[in-house]
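First up is the structure itself, then whatever we jot down about it.
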Number of protein chains: 2
Amino acid sequence: MSLDKALATADESKDESLAELVEELRIPSISTLPQHRDDCRRNAQWLIDRFEALNFETKLIDVVDGGHPVLQADWSVHNNAPHLTIYGHYDVQPVDPLDEWDSDPFDPKVTDDLVIARGCSDNKGNHMATLRAVTAWMRAGGPPVNVRFLLEGEEEIAGRSLPEYLRANAPELATDCVLLWDGGFSTDDSPALTSGLRGMLYVEIETTGAVRDLHSGFGGAAPNPAMTLARVLASLKDTDEHVTIPGFYDDVREPDPDEVSRWRRSEEDELKALFGVDTLVGEKGFGVDERLWVRPTLEVNGIVGGFTGSGMKTVIGAKALAKVSMRLVPDQDPDVILAALDSYLQSMATPGVRVTVRKLEAAPPVLCGYDHAAARAAAKAFEDAFGRPTVLVRSGGSVPVATAFNDAIGAPMVVSGIATKDSGAHGPNEKLYLNNYHGGIEMLIRFMQELADTRS
Amino acid sequence: MSLDKALATADESKDESLAELVEELRIPSISTLPQHRDDCRRNAQWLIDRFEALNFETKLIDVVDGGHPVLQADWSVHNNAPHLTIYGHYDVQPVDPLDEWDSDPFDPKVTDDLVIARGCSDNKGNHMATLRAVTAWMRAGGPPVNVRFLLEGEEEIAGRSLPEYLRANAPELATDCVLLWDGGFSTDDSPALTSGLRGMLYVEIETTGAVRDLHSGFGGAAPNPAMTLARVLASLKDTDEHVTIPGFYDDVREPDPDEVSRWRRSEEDELKALFGVDTLVGEKGFGVDERLWVRPTLEVNGIVGGFTGSGMKTVIGAKALAKVSMRLVPDQDPDVILAALDSYLQSMATPGVRVTVRKLEAAPPVLCGYDHAAARAAAKAFEDAFGRPTVLVRSGGSVPVATAFNDAIGAPMVVSGIATKDSGAHGPNEKLYLNNYHGGIEMLIRFMQELADTRS
């Protein structure tokens, strides 16, 4: 049977799988640093070469001026098999502070159970596992599904290239399942599927008073935009951390009780330790998972106004600015929330001070589901490969590319990966467990078969 | 009579008085710019040379490392005449934006009725008028009072040199009257005495939450110090602009009704035009002069926290900081207010967020009085020189050096000067009316006589 042959092939070629990952990890594809611009393209080309060796049709597409190219690789031979699209990214985070690394971030260190290098978890280990799964299938006669890779080079810089590419080419990119393979295991080291991502509305709120900064001796006569901004922000939530924008919660959908019962819950103590605080803060009446996953929140992300240097300056600033983001949940609509926020803010202006709001980003929440065929296939493949039940989680964060896939392609989505909570992604000494890498390759081989079996 | 001779001498030497001012105005004594450090000392030395030519005993004192020297010049020949101390400063503000000047700020432009140059009003025109008054008196046999000049080079940078010098040498600096000659006429162009200056308590309020900046996907679990800071600041005043710190108003002294009746009141329309707003803002129940002069205020001078660059970053900052100053009035004590603020702030901490306060500066309010002998002498001299009644005002600002004189020397104080409201001090095209300069010289000649007459 082809599945057995693919699994046996993967098992026999573990050294080769590791060597290929190590080779990619040597490329310093830091997308945010101009001096690594050529390395990003070199990494994309290195992947193109591998896909071509596997008989994929490949394209390297420059979508946005000054951006990094989108890589598309297609292998489509079946007339009546499902089509799987795999998402990943070839760019990595910067490595500073470099002196906190115990080894060279771009000279991978391999131990009995680990590889340590920038990008090993985020995302090269993840996407190389998918490429190695396809390699094993090719040696067993070819994957049982049609496969498309869409790898971007701007994940770490929230670039526009892939979202624009998806929206511009939606009909040609139709697929039966999108595997967003940039995540990891749950906090208890179980394979995990993310069934939903919060959306986001990110705005700037600006308050403006006098036409110029004034001497603070005019206190008692001059309007103070910084004080008005403080009042506005303080009014956006009550002391129960409940957002006070009228209608804010109107469209919030209760999660399915069946989904809730399957959640792998967070450990409050772990979050407290991560934050370094002795108490968690959130909307009264809800547990921490509900607050992070299925309740909308509002946070001040930044604030600035008046004199902010060291020492003192007796000034009343002419304006002040806050960056405020709301994490949204199904079925909240960012445009509806923005309109409600805007009219609410207008009601909070104080004499002599104008309040304006500017939208910086809006992404609707994404529900991936957990009981569609692709999700069931992924859960089963994980369990068979790792011998542990697959748990369900949601993400408190937002993944703009998930919104783009959802909007443009609309196929069932599986959001997962093989990184662990201690991977150190974005930090020094980023690591990936070899067990997760090779187990991930097995899971992906099995997932393709499970997905193919849904059609038979 | 000597007074007549002094006045005649001043009248005959107007060209010389103007030429001497113009010469000083050519020295770019910008105290805040390191490249003008030598110019500051050169200006001080230039003044020393003039005082020595007038037979003053002079000292140039370096008080603080890296500071600009204090200039002391003494002329003391009378055994039974009052002693007058004259305060001024030889440093000036920077000149940027230079392209808004219509002429070179350090190449004085003299018209029929004006001189235009950086420092002409603030403070070279002021202190040169005092020096020219003394010059005229010398040619008439000498001033009828003993005179001490204390000129500093750090007024524009709120330096510590003169306050430290005053406190360290208080006994030797005993005097009968301090003329703080760094002010100007009232908004209706009347000669004006300032009968009181507000004090100041300037603090930093810091809120701290998690041990590091967190991804804002943790909104719903993580404490947000920027939001807590907004709540704290918003709580410090109610919507009537009344400060809510417990006990804040307990020691506020009502101004004397006689003084209030003599006030030259502000023009609200002028303030609105200056600020560029259509409404003035202040404590409910009080007129704008009361709010600026005899009521304490609280202002946010600066605020910063989280991400403040362009665009967006999904972060919950680990801390946030506000600079907050309170203008204090008699008999408020900055230390008492600070203690009340501190305990009030502690009551406003939210779960997971600490609130701390740090004092940056405290200066008690200063009451100069308006009916002591020196004030009456100054008012009479102004009226004789300018032919207009002298009005009373207070200052909404704080003058740290006034506090230092008050604390260390404790003599009756006269706060005034010859600048006009349209002088453009600190801005481009700073100007001084020649009529005010020469009238000021006459006033100062007369003031010395009036002061001497109080002893006879």
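Chain lettering (A, B, ...) mirrors the order of the structure tokens, residue numbering begins at 1 for each chain separately, and ligand numbering begins at 1 in order of display.
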
Please, which residues of chain A lie no more than 7 Å from chain B when the count uses only C-alpha atoms, and can they be set out as a short mmCIF file (atom, residue, chain, number, x, y, z; two decimals) with C-alpha atoms, in the first residue's frame?
```cif
data_model
loop_
_atom_site.label_atom_id
_atom_site.label_comp_id
_atom_site.auth_asym_id
_atom_site.auth_seq_id
_atom_site.Cartn_x
_atom_site.Cartn_y
_atom_site.Cartn_z
CA ALA A 210 -4.75 74.52 20.81
CA VAL A 211 -2.99 75.23 17.54
CA GLY A 217 1.15 78.33 33.17
CA PHE A 218 -1.99 78.59 31.03
CA GLY A 219 -3.43 75.67 32.99
CA GLY A 220 -6.86 76.88 34.04
CA ALA A 221 -7.63 78.37 30.63
CA ALA A 222 -6.13 76.09 27.96
CA PRO A 223 -7.67 72.80 26.79
CA ALA A 226 -3.65 64.58 26.76
CA MET A 227 -6.12 64.76 29.63
CA ALA A 230 -6.93 59.83 29.15
CA ARG A 231 -10.61 60.40 29.84
CA LEU A 233 -9.50 55.81 26.96
CA ALA A 234 -10.63 55.35 30.55
CA PHE A 275 3.60 37.76 32.30
CA GLY A 276 5.40 37.98 35.65
CA VAL A 277 2.23 39.09 37.45
CA ASP A 278 0.28 37.67 40.34
CA THR A 279 -3.14 38.13 38.84
CA LEU A 280 -4.73 37.86 35.43
CA VAL A 281 -6.97 40.66 34.26
CA GLY A 282 -10.04 40.38 32.11
CA GLU A 283 -13.77 40.74 31.62
CA VAL A 288 -9.45 33.14 31.06
CA ARG A 291 -11.68 35.91 27.62
CA LEU A 292 -8.74 35.11 25.35
CA THR A 297 -11.28 42.74 24.05
CA GLU A 299 -6.44 47.28 24.55
CA VAL A 300 -4.42 50.47 24.52
CA ASN A 301 -1.34 49.52 22.49
CA GLY A 302 0.42 52.85 22.70
CA ILE A 303 -0.04 56.39 23.88
CA VAL A 304 2.00 59.53 23.34
CA GLY A 305 1.50 63.25 23.84
CA GLY A 306 3.21 66.38 25.12
CA PHE A 307 6.73 66.19 26.52
CA THR A 308 8.13 62.69 26.87
CA THR A 314 6.09 72.86 31.51
CA VAL A 315 4.00 72.37 28.44
CA ILE A 316 0.42 71.61 27.50
CA GLY A 317 0.73 69.66 24.26
CA PRO A 351 -14.69 71.68 25.36
CA GLY A 352 -11.89 72.91 23.12
CA GLY A 396 -6.43 34.99 21.11
CA GLY A 397 -4.36 36.53 18.35
#
```

When DSSP works through the backbone of this structure, what residues of range 200-441 of chain A end up as strand (DSSP E or B), shown as number ranges by chain? A: 200-208, 214-215, 237, 243, 263, 297-306, 315-316, 319-328, 354-363, 366-367, 391-395, 413-416, 419, 431-433

Env of Lys14 in chain A: 12 Å cut, atoms = only C-alpha atoms, seq-sep filter 6 positions within chain, self excluded. Answer as a VMD selection string. chain A and resid 7 to 8 20 to 21 129 132 to 133 135 to 136 434 to 435 437 to 442

Among range 83-309 of chain B, which ones does DSSP place in alpha helix (DSSP H), written as an MDAnalysis selection string? chainID B and resid 125:139 161:168 225:235 257:262 268:275 288:289

Would you mind listing what lies within 8 Å of Ala378 in chain B as an MDAnalysis selection string, with only C-alpha atoms counted and same-chain residues fewer than 6 positions away left out? chainID B and resid 414 443 447 450

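CA of Leu114 in chain A is found 5.7 Å from CA of Leu432 in chain A.
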
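Put simply, CA of Leu367 in chain A is 20.8 Å away from CA of Leu150 in chain A.
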
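CA of Asp269 in chain B to CA of Asp422 in chain B spans 15.2 Å [interatomic distance, one decimal].
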
Write out as a PyMOL selection string each polymer residue whose atoms come within 8 Å of Cys40 in chain A, counting only C-alpha atoms; drop sequence neighbours fewer than 3 positions from it. chain A and resi 27-31+36-37+43-44+68+90-91+153

Generate a file of the selected residues that holds C-alpha atoms, formatted as a PDB file, in the first residue's frame.
```pdb
ATOM      1  CA  ILE A  27      20.086  30.861   4.963  1.00  0.00           C
ATOM      2  CA  PRO A  28      19.624  34.075   7.036  1.00  0.00           C
ATOM      3  CA  SER A  29      16.296  35.067   5.482  1.00  0.00           C
ATOM      4  CA  ILE A  30      15.466  37.942   7.846  1.00  0.00           C
ATOM      5  CA  SER A  31      12.701  39.785   6.035  1.00  0.00           C
ATOM      6  CA  HIS A  36      19.191  40.286   4.118  1.00  0.00           C
ATOM      7  CA  ARG A  37      16.965  41.055   1.170  1.00  0.00           C
ATOM      8  CA  ASN A  43      15.826  31.048   0.306  1.00  0.00           C
ATOM      9  CA  ALA A  44      12.786  31.212  -1.965  1.00  0.00           C
ATOM     10  CA  HIS A  68       9.612  39.598  -0.887  1.00  0.00           C
ATOM     11  CA  TYR A  90      10.383  31.242   4.411  1.00  0.00           C
ATOM     12  CA  ASP A  91      11.262  34.466   6.224  1.00  0.00           C
ATOM     13  CA  GLY A 153       8.474  35.856   2.687  1.00  0.00           C
TER      14      GLY A 153
END
```
